[in-house]
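So this block is run-v7.cif, mmCIF, C-alpha atoms:
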```cif
data_start
#
loop_
_atom_site.group_PDB
_atom_site.id
_atom_site.type_symbol
_atom_site.label_atom_id
_atom_site.label_comp_id
_atom_site.auth_asym_id
_atom_site.auth_seq_id
_atom_site.Cartn_x
_atom_site.Cartn_y
_atom_site.Cartn_z
ATOM 1 C CA MET A 1 76.991 201.999 195.080
ATOM 2 C CA PRO A 2 79.886 200.755 192.870
ATOM 3 C CA SER A 3 80.537 197.046 192.600
ATOM 4 C CA LEU A 4 83.831 195.665 193.868
ATOM 5 C CA ALA A 5 85.235 195.335 190.340
ATOM 6 C CA VAL A 6 84.112 198.838 189.363
ATOM 7 C CA LEU A 7 85.921 200.188 192.446
ATOM 8 C CA LEU A 8 89.090 198.066 192.351
ATOM 9 C CA VAL A 9 89.946 198.163 188.628
ATOM 10 C CA PRO A 10 90.274 201.983 188.457
ATOM 11 C CA LEU A 11 91.956 201.977 191.886
ATOM 12 C CA PHE A 12 94.697 199.469 191.141
ATOM 13 C CA GLY A 13 94.791 200.316 187.447
ATOM 14 C CA THR A 14 95.740 203.912 188.184
ATOM 15 C CA ILE A 15 98.376 202.786 190.714
ATOM 16 C CA ALA A 16 99.752 200.402 188.091
ATOM 17 C CA ILE A 17 99.896 203.161 185.464
ATOM 18 C CA GLY A 18 101.848 205.342 187.902
ATOM 19 C CA ALA A 19 104.225 202.476 188.640
ATOM 20 C CA LEU A 20 104.647 201.716 184.928
ATOM 21 C CA VAL A 21 105.486 205.244 183.847
ATOM 22 C CA ARG A 22 107.933 205.547 186.753
ATOM 23 C CA GLY A 23 109.520 202.261 185.716
ATOM 24 C CA LEU A 24 109.813 203.588 182.150
ATOM 25 C CA ARG A 25 111.350 206.789 183.585
ATOM 26 C CA LEU A 26 108.727 208.996 181.995
ATOM 27 C CA PHE A 27 108.314 210.622 185.424
ATOM 28 C CA ASP A 28 110.742 210.876 188.310
ATOM 29 C CA ALA A 29 110.695 211.540 192.051
ATOM 30 C CA GLU A 30 110.687 215.297 191.511
ATOM 31 C CA ASP A 31 107.558 214.995 189.365
ATOM 32 C CA ALA A 32 105.904 213.016 192.155
ATOM 33 C CA ARG A 33 106.714 215.794 194.631
ATOM 34 C CA ARG A 34 105.214 218.418 192.315
ATOM 35 C CA PHE A 35 102.055 216.383 191.801
ATOM 36 C CA SER A 36 101.862 215.864 195.578
ATOM 37 C CA ARG A 37 101.992 219.606 196.183
ATOM 38 C CA PHE A 38 99.099 220.101 193.781
ATOM 39 C CA VAL A 39 97.024 217.475 195.590
ATOM 40 C CA PHE A 40 97.852 218.779 199.082
ATOM 41 C CA MET A 41 97.683 222.484 198.359
ATOM 42 C CA VAL A 42 94.889 222.736 195.771
ATOM 43 C CA ALA A 43 92.791 219.693 194.899
ATOM 44 C CA MET A 44 92.336 218.122 198.333
ATOM 45 C CA PRO A 45 91.294 221.319 200.162
ATOM 46 C CA ILE A 46 88.675 221.918 197.467
ATOM 47 C CA ALA A 47 87.485 218.303 197.686
ATOM 48 C CA GLY A 48 87.236 218.502 201.477
ATOM 49 C CA PHE A 49 85.226 221.687 201.267
ATOM 50 C CA ASP A 50 82.950 220.450 198.503
ATOM 51 C CA PHE A 51 82.011 217.109 200.037
ATOM 52 C CA LEU A 52 81.581 218.370 203.596
ATOM 53 C CA ARG A 53 79.521 221.296 202.265
ATOM 54 C CA GLN A 54 77.048 218.835 200.765
ATOM 55 C CA SER A 55 76.973 216.465 203.728
ATOM 56 C CA ASP A 56 74.611 216.399 206.666
ATOM 57 C CA PRO A 57 76.533 214.290 209.183
ATOM 58 C CA SER A 58 74.942 213.161 212.437
ATOM 59 C CA THR A 59 76.661 214.846 215.378
ATOM 60 C CA ASP A 60 76.173 211.775 217.582
ATOM 61 C CA VAL A 61 77.692 209.489 214.963
ATOM 62 C CA LEU A 62 80.690 211.758 214.384
ATOM 63 C CA LEU A 63 81.317 212.102 218.125
ATOM 64 C CA GLY A 64 81.112 208.329 218.559
ATOM 65 C CA LEU A 65 83.464 207.731 215.648
ATOM 66 C CA GLY A 66 85.848 210.402 216.941
ATOM 67 C CA GLY A 67 85.931 208.752 220.360
ATOM 68 C CA ALA A 68 86.537 205.334 218.823
ATOM 69 C CA TYR A 69 89.362 206.735 216.718
ATOM 70 C CA LEU A 70 91.094 208.446 219.634
ATOM 71 C CA ILE A 71 90.971 205.290 221.768
ATOM 72 C CA GLY A 72 92.218 203.192 218.843
ATOM 73 C CA LEU A 73 94.991 205.733 218.275
ATOM 74 C CA SER A 74 96.012 205.645 221.940
ATOM 75 C CA VAL A 75 96.106 201.828 222.055
ATOM 76 C CA THR A 76 98.067 201.542 218.811
ATOM 77 C CA ALA A 77 100.529 204.308 219.680
ATOM 78 C CA ALA A 78 101.198 202.807 223.117
ATOM 79 C CA ALA A 79 101.682 199.303 221.702
ATOM 80 C CA ALA A 80 103.984 200.544 218.929
ATOM 81 C CA PHE A 81 106.021 202.555 221.451
ATOM 82 C CA VAL A 82 106.451 199.582 223.805
ATOM 83 C CA VAL A 83 107.437 197.218 220.969
ATOM 84 C CA SER A 84 109.842 199.787 219.514
ATOM 85 C CA ARG A 85 111.569 200.278 222.840
ATOM 86 C CA SER A 86 111.567 196.736 224.218
ATOM 87 C CA VAL A 87 111.853 194.581 221.097
ATOM 88 C CA LEU A 88 113.706 196.820 218.635
ATOM 89 C CA GLY A 89 115.746 198.763 221.215
ATOM 90 C CA LEU A 90 114.970 202.201 219.800
ATOM 91 C CA THR A 91 115.446 205.485 221.625
ATOM 92 C CA ILE A 92 112.394 207.559 222.603
ATOM 93 C CA GLN A 93 112.919 209.787 219.577
ATOM 94 C CA GLU A 94 113.335 206.836 217.191
ATOM 95 C CA ALA A 95 110.292 205.154 218.732
ATOM 96 C CA GLY A 96 108.405 208.373 217.984
ATOM 97 C CA ALA A 97 109.127 207.882 214.286
ATOM 98 C CA ALA A 98 107.868 204.300 214.569
ATOM 99 C CA VAL A 99 104.712 205.415 216.382
ATOM 100 C CA PHE A 100 103.993 208.039 213.735
ATOM 101 C CA THR A 101 104.417 205.493 210.936
ATOM 102 C CA CYS A 102 102.093 203.039 212.702
ATOM 103 C CA THR A 103 99.338 205.615 213.152
ATOM 104 C CA CYS A 104 99.517 207.843 210.051
ATOM 105 C CA GLY A 105 97.880 206.189 207.052
ATOM 106 C CA ASN A 106 97.883 206.911 203.357
ATOM 107 C CA ALA A 107 94.540 208.682 203.605
ATOM 108 C CA ILE A 108 95.142 211.286 200.924
ATOM 109 C CA PHE A 109 96.487 209.272 197.996
ATOM 110 C CA LEU A 110 94.763 205.927 198.679
ATOM 111 C CA GLY A 111 91.900 206.410 201.133
ATOM 112 C CA ILE A 112 90.225 209.499 199.680
ATOM 113 C CA PRO A 113 89.624 207.967 196.217
ATOM 114 C CA ILE A 114 87.844 205.031 197.879
ATOM 115 C CA ALA A 115 85.871 207.211 200.280
ATOM 116 C CA LEU A 116 84.745 209.435 197.425
ATOM 117 C CA ALA A 117 83.492 206.379 195.532
ATOM 118 C CA VAL A 118 81.424 205.185 198.519
ATOM 119 C CA PRO A 119 79.142 208.112 199.485
ATOM 120 C CA GLU A 120 78.276 206.672 202.907
ATOM 121 C CA TRP A 121 81.945 206.810 203.924
ATOM 122 C CA THR A 122 82.858 210.247 202.571
ATOM 123 C CA ALA A 123 81.806 212.614 205.393
ATOM 124 C CA PRO A 124 83.092 210.498 208.332
ATOM 125 C CA PHE A 125 86.333 209.810 206.451
ATOM 126 C CA PHE A 126 87.013 213.515 205.941
ATOM 127 C CA MET A 127 86.292 214.151 209.618
ATOM 128 C CA LEU A 128 88.967 211.617 210.564
ATOM 129 C CA VAL A 129 91.427 213.511 208.349
ATOM 130 C CA ILE A 130 91.087 216.393 210.831
ATOM 131 C CA PHE A 131 91.711 214.096 213.800
ATOM 132 C CA GLU A 132 94.787 212.547 212.201
ATOM 133 C CA GLY A 133 96.213 215.882 211.090
ATOM 134 C CA THR A 134 95.949 217.176 214.653
ATOM 135 C CA PHE A 135 96.554 214.308 217.085
ATOM 136 C CA VAL A 136 98.864 212.000 215.139
ATOM 137 C CA PHE A 137 101.180 214.800 214.072
ATOM 138 C CA ALA A 138 101.223 216.191 217.623
ATOM 139 C CA ILE A 139 102.123 212.812 219.158
ATOM 140 C CA GLY A 140 104.718 211.979 216.512
ATOM 141 C CA THR A 141 106.361 215.389 216.617
ATOM 142 C CA ALA A 142 106.462 215.409 220.413
ATOM 143 C CA LEU A 143 108.168 212.008 220.599
ATOM 144 C CA MET A 144 110.609 212.607 217.746
ATOM 145 C CA THR A 145 111.746 215.840 219.391
ATOM 146 C CA TRP A 146 111.587 214.540 222.976
ATOM 147 C CA PRO A 147 113.822 216.918 224.956
ATOM 148 C CA GLU A 148 116.266 216.158 227.741
ATOM 149 C CA GLY A 149 117.815 218.239 230.500
ATOM 150 C CA ASP A 150 116.660 221.457 232.181
ATOM 151 C CA GLY A 151 113.501 223.030 230.842
ATOM 152 C CA ALA A 152 112.521 219.862 228.964
ATOM 153 C CA ALA A 153 108.835 220.104 229.871
ATOM 154 C CA GLY A 154 108.567 223.634 228.548
ATOM 155 C CA ARG A 155 110.285 222.768 225.294
ATOM 156 C CA LEU A 156 108.055 219.734 224.858
ATOM 157 C CA PHE A 157 104.892 221.787 225.387
ATOM 158 C CA LYS A 158 106.091 224.372 222.871
ATOM 159 C CA THR A 159 106.853 221.646 220.323
ATOM 160 C CA VAL A 160 103.428 220.007 220.673
ATOM 161 C CA LEU A 161 101.650 223.362 220.525
ATOM 162 C CA GLY A 162 103.563 224.234 217.371
ATOM 163 C CA ALA A 163 102.626 220.912 215.752
ATOM 164 C CA VAL A 164 98.929 221.441 216.518
ATOM 165 C CA GLY A 165 99.092 225.014 215.234
ATOM 166 C CA ARG A 166 100.672 223.873 211.971
ATOM 167 C CA ALA A 167 97.951 221.226 211.613
ATOM 168 C CA PHE A 168 95.258 223.883 211.593
ATOM 169 C CA LEU A 169 97.168 225.760 208.892
ATOM 170 C CA ASN A 170 97.169 222.617 206.736
ATOM 171 C CA PRO A 171 95.138 223.507 203.604
ATOM 172 C CA ILE A 172 93.333 220.147 203.667
ATOM 173 C CA ILE A 173 92.145 220.636 207.248
ATOM 174 C CA VAL A 174 91.216 224.254 206.540
ATOM 175 C CA GLY A 175 89.156 223.224 203.515
ATOM 176 C CA THR A 176 87.433 220.431 205.429
ATOM 177 C CA LEU A 177 86.566 222.681 208.368
ATOM 178 C CA LEU A 178 85.218 225.363 206.030
ATOM 179 C CA GLY A 179 83.100 222.734 204.295
ATOM 180 C CA LEU A 180 81.719 221.568 207.646
ATOM 181 C CA ALA A 181 80.879 225.147 208.559
ATOM 182 C CA ALA A 182 79.176 225.638 205.176
ATOM 183 C CA SER A 183 77.118 222.507 205.805
ATOM 184 C CA ILE A 184 76.050 223.671 209.268
ATOM 185 C CA VAL A 185 74.853 227.092 208.044
ATOM 186 C CA ASP A 186 73.491 225.596 204.802
ATOM 187 C CA LEU A 187 75.562 227.982 202.697
ATOM 188 C CA PRO A 188 73.964 228.511 199.260
ATOM 189 C CA MET A 189 76.269 227.774 196.335
ATOM 190 C CA PRO A 190 75.610 229.122 192.806
ATOM 191 C CA GLU A 191 75.546 226.276 190.304
ATOM 192 C CA PRO A 192 78.603 227.410 188.271
ATOM 193 C CA PHE A 193 80.762 227.463 191.416
ATOM 194 C CA ALA A 194 79.333 224.148 192.595
ATOM 195 C CA GLU A 195 80.315 222.643 189.234
ATOM 196 C CA LEU A 196 83.791 224.162 189.525
ATOM 197 C CA PHE A 197 84.381 222.691 193.002
ATOM 198 C CA GLY A 198 83.000 219.312 191.941
ATOM 199 C CA PHE A 199 85.178 219.300 188.824
ATOM 200 C CA MET A 200 88.323 220.001 190.861
ATOM 201 C CA ALA A 201 87.368 217.449 193.530
ATOM 202 C CA ARG A 202 87.161 214.698 190.922
ATOM 203 C CA VAL A 203 90.839 215.237 190.114
ATOM 204 C CA VAL A 204 91.946 214.056 193.572
ATOM 205 C CA GLY A 205 91.400 210.329 193.099
ATOM 206 C CA PRO A 206 93.236 209.728 189.820
ATOM 207 C CA VAL A 207 96.165 212.030 190.612
ATOM 208 C CA GLY A 208 96.570 210.683 194.154
ATOM 209 C CA LEU A 209 96.612 207.053 193.008
ATOM 210 C CA PHE A 210 99.019 207.918 190.188
ATOM 211 C CA ILE A 211 101.391 209.496 192.723
ATOM 212 C CA LEU A 212 101.131 206.387 194.918
ATOM 213 C CA GLY A 213 102.232 204.228 191.973
ATOM 214 C CA LEU A 214 105.223 206.510 191.371
ATOM 215 C CA SER A 215 106.156 206.388 195.070
ATOM 216 C CA ILE A 216 105.966 202.597 195.367
ATOM 217 C CA VAL A 217 108.399 202.121 192.492
ATOM 218 C CA ASP A 218 110.704 204.780 193.954
ATOM 219 C CA ILE A 219 110.909 202.993 197.309
ATOM 220 C CA ILE A 220 111.559 199.602 195.714
ATOM 221 C CA ALA A 221 114.012 200.938 193.114
ATOM 222 C CA ARG A 222 116.122 202.637 195.771
ATOM 223 C CA GLY A 223 116.498 199.314 197.601
ATOM 224 C CA GLU A 224 115.299 200.854 200.875
ATOM 225 C CA ILE A 225 113.038 198.044 202.085
ATOM 226 C CA GLY A 226 115.970 196.923 204.244
ATOM 227 C CA ASP A 227 115.715 194.763 207.380
ATOM 228 C CA VAL A 228 112.283 193.119 207.681
ATOM 229 C CA ARG A 229 112.496 192.651 211.472
ATOM 230 C CA ALA A 230 110.967 196.054 212.201
ATOM 231 C CA PRO A 231 108.091 195.649 209.704
ATOM 232 C CA LEU A 232 107.270 192.207 211.101
ATOM 233 C CA ALA A 233 106.997 193.721 214.579
ATOM 234 C CA LEU A 234 105.212 196.961 213.705
ATOM 235 C CA VAL A 235 103.234 196.676 210.458
ATOM 236 C CA PRO A 236 100.549 194.536 212.197
ATOM 237 C CA MET A 237 99.956 197.504 214.537
ATOM 238 C CA LYS A 238 98.961 199.627 211.551
ATOM 239 C CA LEU A 239 97.105 197.103 209.439
ATOM 240 C CA ILE A 240 95.418 194.976 212.133
ATOM 241 C CA VAL A 241 95.429 196.480 215.645
ATOM 242 C CA PHE A 242 94.449 200.056 214.734
ATOM 243 C CA PRO A 243 91.492 199.177 212.449
ATOM 244 C CA ALA A 244 90.301 196.330 214.682
ATOM 245 C CA VAL A 245 90.130 198.470 217.840
ATOM 246 C CA THR A 246 88.677 201.509 216.056
ATOM 247 C CA GLY A 247 86.119 199.491 214.106
ATOM 248 C CA ALA A 248 84.914 197.560 217.138
ATOM 249 C CA LEU A 249 84.529 200.719 219.212
ATOM 250 C CA ALA A 250 82.908 202.654 216.347
ATOM 251 C CA TRP A 251 80.236 199.967 216.098
ATOM 252 C CA LEU A 252 79.830 199.896 219.875
ATOM 253 C CA PHE A 253 79.548 203.688 220.170
ATOM 254 C CA THR A 254 77.447 204.405 217.082
ATOM 255 C CA GLY A 255 75.864 201.205 215.771
ATOM 256 C CA ASP A 256 76.282 202.847 212.371
ATOM 257 C CA PRO A 257 77.730 200.649 209.591
ATOM 258 C CA SER A 258 78.862 203.651 207.520
ATOM 259 C CA ALA A 259 80.829 205.195 210.387
ATOM 260 C CA THR A 260 82.275 201.799 211.255
ATOM 261 C CA GLY A 261 83.311 201.132 207.653
ATOM 262 C CA ALA A 262 84.866 204.571 207.286
ATOM 263 C CA GLY A 263 86.742 204.114 210.576
ATOM 264 C CA ILE A 264 88.154 200.737 209.539
ATOM 265 C CA LEU A 265 89.113 202.029 206.097
ATOM 266 C CA PHE A 266 90.822 205.123 207.502
ATOM 267 C CA THR A 267 92.826 203.370 210.212
ATOM 268 C CA GLY A 268 93.635 200.251 208.163
ATOM 269 C CA LEU A 269 95.346 202.057 205.298
ATOM 270 C CA SER A 270 99.014 201.413 204.630
ATOM 271 C CA PRO A 271 101.572 203.733 206.281
ATOM 272 C CA ALA A 272 101.800 207.168 204.697
ATOM 273 C CA VAL A 273 104.775 208.233 202.597
ATOM 274 C CA ALA A 274 104.655 211.390 204.740
ATOM 275 C CA SER A 275 106.229 209.264 207.489
ATOM 276 C CA ILE A 276 109.452 209.133 205.475
ATOM 277 C CA VAL A 277 109.380 212.902 205.018
ATOM 278 C CA LEU A 278 108.852 213.597 208.727
ATOM 279 C CA SER A 279 111.498 211.120 209.887
ATOM 280 C CA ASN A 280 113.973 212.812 207.541
ATOM 281 C CA VAL A 281 113.010 216.258 208.832
ATOM 282 C CA TYR A 282 113.765 215.232 212.434
ATOM 283 C CA GLY A 283 116.565 212.794 211.567
ATOM 284 C CA GLN A 284 114.997 209.865 213.397
ATOM 285 C CA TRP A 285 115.175 206.225 212.274
ATOM 286 C CA GLN A 286 114.954 207.022 208.554
ATOM 287 C CA SER A 287 115.927 203.549 207.320
ATOM 288 C CA GLY A 288 113.462 201.833 209.636
ATOM 289 C CA VAL A 289 110.613 204.124 208.627
ATOM 290 C CA THR A 290 111.326 203.592 204.923
ATOM 291 C CA SER A 291 111.273 199.850 205.514
ATOM 292 C CA LEU A 292 107.950 200.096 207.365
ATOM 293 C CA VAL A 293 106.390 202.179 204.600
ATOM 294 C CA GLY A 294 107.670 199.907 201.834
ATOM 295 C CA VAL A 295 106.540 196.622 203.384
ATOM 296 C CA GLY A 296 103.405 198.204 204.835
ATOM 297 C CA THR A 297 102.350 199.593 201.454
ATOM 298 C CA LEU A 298 102.639 196.235 199.713
ATOM 299 C CA LEU A 299 100.862 194.316 202.499
ATOM 300 C CA GLY A 300 98.362 197.141 202.974
ATOM 301 C CA LEU A 301 97.102 196.800 199.414
ATOM 302 C CA ILE A 302 96.318 193.140 200.158
ATOM 303 C CA THR A 303 94.513 193.847 203.436
ATOM 304 C CA LEU A 304 92.643 196.699 201.752
ATOM 305 C CA VAL A 305 91.221 194.345 199.128
ATOM 306 C CA ILE A 306 90.191 191.888 201.857
ATOM 307 C CA PHE A 307 88.430 194.681 203.756
ATOM 308 C CA LEU A 308 86.634 195.930 200.646
ATOM 309 C CA ILE A 309 85.464 192.406 199.770
ATOM 310 C CA ALA A 310 84.104 191.959 203.279
ATOM 311 C CA GLY A 311 82.946 195.468 204.106
ATOM 312 C CA LEU A 312 81.812 197.258 200.942
ATOM 313 C CA PRO A 313 78.195 198.398 201.462
ATOM 314 C CA ALA A 314 75.665 196.485 199.401
#
```

What would you get if you wrote out this structure as structure tokens?
Amino acid sequence: MPSLAVLLVPLFGTIAIGALVRGLRLFDAEDARRFSRFVFMVAMPIAGFDFLRQSDPSTDVLLGLGGAYLIGLSVTAAAAFVVSRSVLGLTIQEAGAAVFTCTCGNAIFLGIPIALAVPEWTAPFFMLVIFEGTFVFAIGTALMTWPEGDGAAGRLFKTVLGAVGRAFLNPIIVGTLLGLAASIVDLPMPEPFAELFGFMARVVGPVGLFILGLSIVDIIARGEIGDVRAPLALVPMKLIVFPAVTGALAWLFTGDPSATGAGILFTGLSPAVASIVLSNVYGQWQSGVTSLVGVGTLLGLITLVIFLIAGLPA
């Protein structure tokens, strides 16, 4: 088990290097997008397959953690929706963008490197990637494209079904599911191929954290933090409510400290940069989402350190 310093120095050091080279203009936003495609399309699917292939997760623990996550997701999404509508005065579609931002965390670039460094958290963390890729994207897409008029229910069903279908075509989810299947059937893996998959999986952490550093500087440099009223109302949903509810229920349902730690880590991560991408795709509350991601990322790094100090396995 790595010590706190051994975990945090590479973590924040790599983020800082990414921020520095972006500040020096050695890399730009287009480079970050290209690196992101490599992580999403190549490195992360291989990592998901490799680590799930080698895991032997308890079915009871995973079911308990999954139940805790879904309840935590429901509570957080409902609270974020109510606050968005009643306090911020957003439309249903704009509130959908807020809900997505409050429930989709930076699991790929920030969470995975930590989970890979703490073996007890790796398998449950990857399982939650599947849940998020399916349920969070379905809820967010449904709300951001909430239809009106005749035939609204049919259009809504088609939209949600399409979002779920796209989730299961996501290379990361495909790789993770294949790894789980390989673990269940105890698929033999020749040593050269095992070394290849392990070698590629080790790329995920450094590249993901480097991209995060690039992205943070991009958000700040563009001056898109904006009005802090929305972050003050909604960032606590992501960084406090979601992990608190999920963690408490994970402990209640499983009594397993590893599942509980993985659940808190996964749900307590800062809002994902993907929230900005999705809000732009659907044209919903782009400035507010960018503000949430910017403030949430900076505060999320602080709450992450607090969690790791308190919750890192001995």

- [ ] Provide the CA of Leu169 in chain A to CA of Phe197 in chain A distance in Å, to one decimal place.
- [x]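 We find that CA of Leu169 in chain A and CA of Phe197 in chain A lie 20.6 Å from each other.
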
Closest pair table for range 100-160 of chain A residues within 12 Å of range 256-276 of chain A, all atoms listed in the file, as CSV:
```
residue,atom,partner,partner_atom,distance
A:Phe100,CA,A:Ser275,CA,6.7
A:Thr101,CA,A:Ser275,CA,5.4
A:Cys102,CA,A:Pro271,CA,6.5
A:Thr103,CA,A:Pro271,CA,7.5
A:Cys104,CA,A:Ala272,CA,5.9
A:Gly105,CA,A:Pro271,CA,4.5
A:Asn106,CA,A:Ala272,CA,4.1
A:Ala107,CA,A:Phe266,CA,6.5
A:Ile108,CA,A:Ala272,CA,8.7
A:Phe109,CA,A:Ala272,CA,8.8
A:Leu110,CA,A:Leu269,CA,7.7
A:Gly111,CA,A:Phe266,CA,6.6
A:Ile112,CA,A:Phe266,CA,9.0
A:Pro113,CA,A:Leu265,CA,11.5
A:Ile114,CA,A:Leu265,CA,8.8
A:Ala115,CA,A:Ala262,CA,7.6
A:Leu116,CA,A:Ala262,CA,11.0
A:Ala117,CA,A:Ala262,CA,12.0
A:Val118,CA,A:Ala262,CA,9.4
A:Pro119,CA,A:Ser258,CA,9.2
A:Glu120,CA,A:Ser258,CA,5.5
A:Trp121,CA,A:Ala262,CA,5.0
A:Thr122,CA,A:Ala262,CA,7.6
A:Ala123,CA,A:Ala262,CA,8.8
A:Pro124,CA,A:Ala259,CA,6.1
A:Phe125,CA,A:Ala262,CA,5.5
A:Phe126,CA,A:Ala262,CA,9.3
A:Met127,CA,A:Ala262,CA,10.0
A:Leu128,CA,A:Phe266,CA,7.4
A:Val129,CA,A:Phe266,CA,8.5
A:Ile130,CA,A:Phe266,CA,11.8
A:Phe131,CA,A:Phe266,CA,11.0
A:Glu132,CA,A:Thr267,CA,9.6
A:Gly133,CA,A:Ala274,CA,11.5
A:Val136,CA,A:Ser275,CA,11.0
A:Phe137,CA,A:Ser275,CA,10.0
A:Gly140,CA,A:Ser275,CA,9.5
A:Thr141,CA,A:Ser275,CA,11.0
A:Met144,CA,A:Ser275,CA,11.6
```

Task: Residue members of the PyMOL selection byres ((chain A and resi 219) around 12) in the file shown, as an NGL selection string - done: :A and (19 or 22-23 or 28-29 or 212-218 or 220-226 or 273 or 276 or 287 or 289-298)

Open item on the list: Measuring between only C-alpha atoms, which one of A:Thr14, A:Thr254, A:Ser84, A:Thr91 shows the shortest distance to Ile211 in chain A?
Closed with: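 For Ile211 in chain A, the nearest of the candidates is A:Thr14.
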
- [ ] Find the distance between CA of Ala80 in chain A and CA of Phe168 in chain A and write it in Å to one decimal.
- [x]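 The value is 26.0 Å.
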
TODO: On this file, the PyMOL selection byres ((chain A and resi 145) around 8) gives some set of residues; write that set as a list in words.
DONE: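 Checking the PyMOL selection byres ((chain A and resi 145) around 8) against this file, the residues are Gln93, Thr141, Ala142, Leu143, Met144, Trp146, Pro147, Leu156, Thr159 and Tyr282 of chain A.
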
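Between Ile139 in chain A and the residues A:Val185, A:Ala77, A:Leu7, A:Ile172, the shortest atom-to-atom distance, using all atoms listed in the file, involves A:Ala77.
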
Task: Picked residues, the PyMOL selection byres ((chain A and resi 55) around 9), as a PyMOL selection string - done: chain A and resi 50-54+56-57+122-123+179-180+183

TODO: Go through A:Val277, A:Arg202, A:Glu195, A:Gly48 and flag the residue nearest Ala181 in chain A, using all atoms listed in the file for the distances.
DONE: A:Gly48

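Proximity of A:Leu301, A:Ile184, A:Leu196, A:Ala230 to Val87 in chain A, computed with all atoms listed in the file, is greatest for A:Ala230.
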
- [ ] Find the residues near Val245 in chain A: any atom within 12 Å, counting only C-alpha atoms, skip ones fewer than 6 places away on the same chain, and give them as a VMD selection string.
- [x] chain A and resid 65 67 to 76 237 to 239 251 to 252 260 263 to 264 267 to 268

- [ ] Considering all atoms listed in the file, state which residue in the set A:Ser3, A:Pro45, A:Val174, A:Val204 is at the smallest distance from Gly311 in chain A.
- [x] A:Ser3

- [ ] Provide the CA of Trp285 in chain A to CA of Val228 in chain A distance in Å, to one decimal place.
- [x]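 Distance reported for this atom pair: 14.2 Å.
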
TODO: Could you tell me which of A:Ile306, A:Met44, A:Val99, A:Val83 comes closest to Arg229 in chain A if we count only C-alpha atoms?
DONE: A:Val83
